[in-house]
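Trainee: Just dropping this structure here.
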Amino acid sequence: EVQLQASGGGLVQSGGSLRLSCARSGWILDDYVIGWFRQAPGKEREGVSCISSKDSTTYYVDSVKGRFTISSDNAKNTVYLQMNNLKPEDTAVYYCAAEKIPDSDCSPIGVLYDYWGRGTLVTVSS
């Protein structure tokens with residue numbers, strides 16, 4: 001059974017940093033596509049970033065470009081989201097997700113992902 005575990009959220013002041021981790025277990029493929037999504041109160045879920053292992057392609061939503069970095073540690077089956085210069089508008093529950101059949105590209109569209117982990121709350125105070 002594939003499981004994803006997101007962790008690393010917390011309370012941070014504006015301008016601060018957090019690193020989120022997405023650890024996957026039960027994964028039998030060499031390749032993966034992992035996406036990070038967030039949902040703020042009263043707002044729709046938003047694709048924040050994703051990474052595909054096949055071509056090491058990445059994606060960032062415009063609002064986080066230059067501040068967030070997605071990376072992976074294949075030995076640990078973990079994908080990270082380094083978040084720097086956090087802003088109050090980054091406050092949300094962050095989720096990681098995986099595609100069942102990894103593609104060479106990744107997408108910020110949530111319905112394309114098959115496995116989802118529980119969220120981790122990121123709160124940025126002003």
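For the structure tokens, the naming scheme is as follows: chains receive sequential letters (A, B, ...) according to their order of presentation, residues are indexed from 1 within each chain, and ligands are indexed from 1 in presentation order.
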Neighbouring residues of region 24-27 of chain A were defined as those with any atom within 9 Å, considering only C-alpha atoms; residues of the same chain fewer than 3 positions away were excluded. Please report them as a PDB file with C-alpha atoms, in the first residue's frame.

Mentor:
```
ATOM      1  CA  GLU A   1       0.000   0.000   0.000  1.00  0.00           C
ATOM      2  CA  VAL A   2       1.409   3.352  -1.024  1.00  0.00           C
ATOM      3  CA  GLN A   3       1.465   5.916   1.738  1.00  0.00           C
ATOM      4  CA  LEU A   4       2.644   9.494   1.760  1.00  0.00           C
ATOM      5  CA  GLN A   5       3.561  11.318   4.933  1.00  0.00           C
ATOM      6  CA  ALA A   6       3.905  15.084   4.849  1.00  0.00           C
ATOM      7  CA  ASP A  30      12.010   3.786  -9.579  1.00  0.00           C
ATOM      8  CA  TYR A  32       7.833   9.173  -9.377  1.00  0.00           C
ATOM      9  CA  LYS A  76      15.196   8.244   1.578  1.00  0.00           C
ATOM     10  CA  ASN A  77      12.179   8.143  -0.765  1.00  0.00           C
ATOM     11  CA  THR A  78      11.523  11.694   0.287  1.00  0.00           C
ATOM     12  CA  VAL A  79      10.714  14.898  -1.553  1.00  0.00           C
ATOM     13  CA  ALA A  98       1.928  11.148  -6.110  1.00  0.00           C
ATOM     14  CA  GLY A 117      -0.876  12.264   2.222  1.00  0.00           C
TER      15      GLY A 117
END
```

Trainee: Just want the 7 Å neighbourhood of Val48 (chain A), counted on only C-alpha atoms, with same-chain residues fewer than 6 positions away dropped. Output as an MDAnalysis selection string.

Mentor: chainID A and resid 36:38 60:61 108

Trainee: Just the selected residues (N, CA, C and O atoms), exported as a PDB file, in the first residue's frame, please.

Mentor:
```
ATOM      1  N   TRP A  36       3.241  19.122  -4.622  1.00  0.00           N
ATOM      2  CA  TRP A  36       2.865  19.797  -3.380  1.00  0.00           C
ATOM      3  C   TRP A  36       1.684  20.711  -3.680  1.00  0.00           C
ATOM      4  O   TRP A  36       1.713  21.484  -4.643  1.00  0.00           O
ATOM      5  N   PHE A  37       0.668  20.605  -2.856  1.00  0.00           N
ATOM      6  CA  PHE A  37      -0.539  21.404  -2.996  1.00  0.00           C
ATOM      7  C   PHE A  37      -0.821  22.092  -1.671  1.00  0.00           C
ATOM      8  O   PHE A  37      -0.348  21.665  -0.633  1.00  0.00           O
ATOM      9  N   ARG A  38      -1.597  23.142  -1.726  1.00  0.00           N
ATOM     10  CA  ARG A  38      -1.982  23.801  -0.486  1.00  0.00           C
ATOM     11  C   ARG A  38      -3.421  24.277  -0.584  1.00  0.00           C
ATOM     12  O   ARG A  38      -3.941  24.537  -1.666  1.00  0.00           O
ATOM     13  N   TYR A  60       6.745  25.374 -10.559  1.00  0.00           N
ATOM     14  CA  TYR A  60       6.400  26.242  -9.432  1.00  0.00           C
ATOM     15  C   TYR A  60       5.283  27.183  -9.874  1.00  0.00           C
ATOM     16  O   TYR A  60       5.352  27.767 -10.968  1.00  0.00           O
ATOM     17  N   VAL A  61       4.319  27.356  -9.021  1.00  0.00           N
ATOM     18  CA  VAL A  61       3.306  28.379  -9.287  1.00  0.00           C
ATOM     19  C   VAL A  61       3.983  29.741  -9.173  1.00  0.00           C
ATOM     20  O   VAL A  61       4.946  29.911  -8.407  1.00  0.00           O
ATOM     21  N   PRO A 108       0.552  20.665 -12.001  1.00  0.00           N
ATOM     22  CA  PRO A 108      -0.034  21.198 -10.769  1.00  0.00           C
ATOM     23  C   PRO A 108      -1.523  20.892 -10.628  1.00  0.00           C
ATOM     24  O   PRO A 108      -2.188  21.444  -9.756  1.00  0.00           O
TER      25      PRO A 108
END
```

Trainee: List the spatial neighbours of Ser52 (chain A) as a VMD selection string - criterion: any atom at most 6 Å away, only C-alpha atoms, same-chain residues fewer than 6 positions off excluded.

Mentor: chain A and resid 32 to 33 105 to 106

Trainee: With only C-alpha atoms as the counted atoms, please give the residues lying no more than 7 Å from Pro88 (chain A), apart from itself and same-chain residues fewer than 2 positions off, as an mmCIF file with C-alpha atoms, in the first residue's frame.

Mentor:
```
data_model
loop_
_atom_site.group_PDB
_atom_site.id
_atom_site.type_symbol
_atom_site.label_atom_id
_atom_site.label_comp_id
_atom_site.auth_asym_id
_atom_site.auth_seq_id
_atom_site.Cartn_x
_atom_site.Cartn_y
_atom_site.Cartn_z
ATOM 1 C CA SER A 14 6.894 36.525 7.851
ATOM 2 C CA LEU A 86 7.465 33.056 3.708
ATOM 3 C CA ASP A 90 1.454 31.213 2.190
ATOM 4 C CA THR A 91 -0.568 30.143 5.216
ATOM 5 C CA VAL A 124 2.925 32.527 8.637
ATOM 6 C CA SER A 125 2.378 35.426 10.983
ATOM 7 C CA SER A 126 2.825 39.029 9.904
#
```

Trainee: DSSP on the backbone, then: every residue of chain A marked strand (DSSP E or B), written as a PDB file with C-alpha atoms, in the first residue's frame.

Mentor:
```pdb
ATOM      1  CA  GLN A   3       1.465   5.916   1.738  1.00  0.00           C
ATOM      2  CA  LEU A   4       2.644   9.494   1.760  1.00  0.00           C
ATOM      3  CA  GLN A   5       3.561  11.318   4.933  1.00  0.00           C
ATOM      4  CA  ALA A   6       3.905  15.084   4.849  1.00  0.00           C
ATOM      5  CA  SER A   7       5.638  16.818   7.733  1.00  0.00           C
ATOM      6  CA  GLY A  10       4.594  24.959  11.785  1.00  0.00           C
ATOM      7  CA  LEU A  11       4.271  28.572  12.827  1.00  0.00           C
ATOM      8  CA  VAL A  12       6.805  31.002  11.435  1.00  0.00           C
ATOM      9  CA  GLN A  13       7.083  34.745  11.158  1.00  0.00           C
ATOM     10  CA  LEU A  18      10.343  26.028   6.676  1.00  0.00           C
ATOM     11  CA  ARG A  19      11.194  22.764   4.988  1.00  0.00           C
ATOM     12  CA  LEU A  20       8.400  20.353   4.276  1.00  0.00           C
ATOM     13  CA  SER A  21       9.072  16.668   3.760  1.00  0.00           C
ATOM     14  CA  CYS A  22       7.033  14.108   1.874  1.00  0.00           C
ATOM     15  CA  ALA A  23       8.088  10.557   2.650  1.00  0.00           C
ATOM     16  CA  ARG A  24       6.629   7.745   0.597  1.00  0.00           C
ATOM     17  CA  SER A  25       6.379   4.126   1.603  1.00  0.00           C
ATOM     18  CA  VAL A  33       5.960  12.408  -9.784  1.00  0.00           C
ATOM     19  CA  ILE A  34       5.364  14.199  -6.522  1.00  0.00           C
ATOM     20  CA  GLY A  35       3.297  17.339  -6.205  1.00  0.00           C
ATOM     21  CA  TRP A  36       2.865  19.797  -3.380  1.00  0.00           C
ATOM     22  CA  PHE A  37      -0.539  21.404  -2.996  1.00  0.00           C
ATOM     23  CA  ARG A  38      -1.982  23.801  -0.486  1.00  0.00           C
ATOM     24  CA  GLN A  39      -5.386  24.863   0.638  1.00  0.00           C
ATOM     25  CA  GLU A  46      -3.728  25.132  -5.366  1.00  0.00           C
ATOM     26  CA  GLY A  47      -0.839  23.304  -6.990  1.00  0.00           C
ATOM     27  CA  VAL A  48       2.331  24.827  -5.576  1.00  0.00           C
ATOM     28  CA  SER A  49       5.176  22.749  -6.970  1.00  0.00           C
ATOM     29  CA  CYS A  50       5.951  19.349  -8.402  1.00  0.00           C
ATOM     30  CA  ILE A  51       8.841  17.241  -9.520  1.00  0.00           C
ATOM     31  CA  SER A  52       9.233  14.370 -11.938  1.00  0.00           C
ATOM     32  CA  THR A  57      11.514  18.466 -14.329  1.00  0.00           C
ATOM     33  CA  THR A  58      10.001  20.821 -11.817  1.00  0.00           C
ATOM     34  CA  TYR A  59       7.149  23.262 -11.662  1.00  0.00           C
ATOM     35  CA  TYR A  60       6.400  26.242  -9.432  1.00  0.00           C
ATOM     36  CA  PHE A  68      10.342  27.777  -2.811  1.00  0.00           C
ATOM     37  CA  THR A  69      12.583  24.951  -3.994  1.00  0.00           C
ATOM     38  CA  ILE A  70      11.539  21.354  -4.522  1.00  0.00           C
ATOM     39  CA  SER A  71      14.122  18.595  -4.253  1.00  0.00           C
ATOM     40  CA  SER A  72      14.353  14.899  -3.648  1.00  0.00           C
ATOM     41  CA  ASP A  73      16.435  12.350  -1.806  1.00  0.00           C
ATOM     42  CA  THR A  78      11.523  11.694   0.287  1.00  0.00           C
ATOM     43  CA  VAL A  79      10.714  14.898  -1.553  1.00  0.00           C
ATOM     44  CA  TYR A  80      11.313  18.227   0.124  1.00  0.00           C
ATOM     45  CA  LEU A  81       9.829  21.670  -0.304  1.00  0.00           C
ATOM     46  CA  GLN A  82      12.150  24.346   1.001  1.00  0.00           C
ATOM     47  CA  MET A  83      10.137  27.482   1.633  1.00  0.00           C
ATOM     48  CA  ALA A  92      -2.375  26.936   4.336  1.00  0.00           C
ATOM     49  CA  VAL A  93      -2.510  23.222   4.842  1.00  0.00           C
ATOM     50  CA  TYR A  94       0.097  21.700   2.563  1.00  0.00           C
ATOM     51  CA  TYR A  95      -0.384  18.275   1.022  1.00  0.00           C
ATOM     52  CA  CYS A  96       1.887  16.067  -1.018  1.00  0.00           C
ATOM     53  CA  ALA A  97       0.582  13.712  -3.657  1.00  0.00           C
ATOM     54  CA  ALA A  98       1.928  11.148  -6.110  1.00  0.00           C
ATOM     55  CA  TYR A 115      -2.140   9.107  -3.772  1.00  0.00           C
ATOM     56  CA  TRP A 116      -2.423  11.809  -1.168  1.00  0.00           C
ATOM     57  CA  ARG A 118      -2.340  14.002   5.189  1.00  0.00           C
ATOM     58  CA  THR A 120       0.731  19.669   7.346  1.00  0.00           C
ATOM     59  CA  LEU A 121      -0.259  23.132   8.508  1.00  0.00           C
ATOM     60  CA  VAL A 122       1.912  26.111   7.685  1.00  0.00           C
ATOM     61  CA  THR A 123       1.053  29.336   9.457  1.00  0.00           C
ATOM     62  CA  VAL A 124       2.925  32.527   8.637  1.00  0.00           C
ATOM     63  CA  SER A 125       2.378  35.426  10.983  1.00  0.00           C
TER      64      SER A 125
END
```

Trainee: Between A:Gly16, A:Pro102, A:Asp31, A:Lys54, which is the closest to Asp114 (chain A) once you count only C-alpha atoms?

Mentor: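 Counting only C-alpha atoms, the residue closest to Asp114 (chain A) is A:Pro102.
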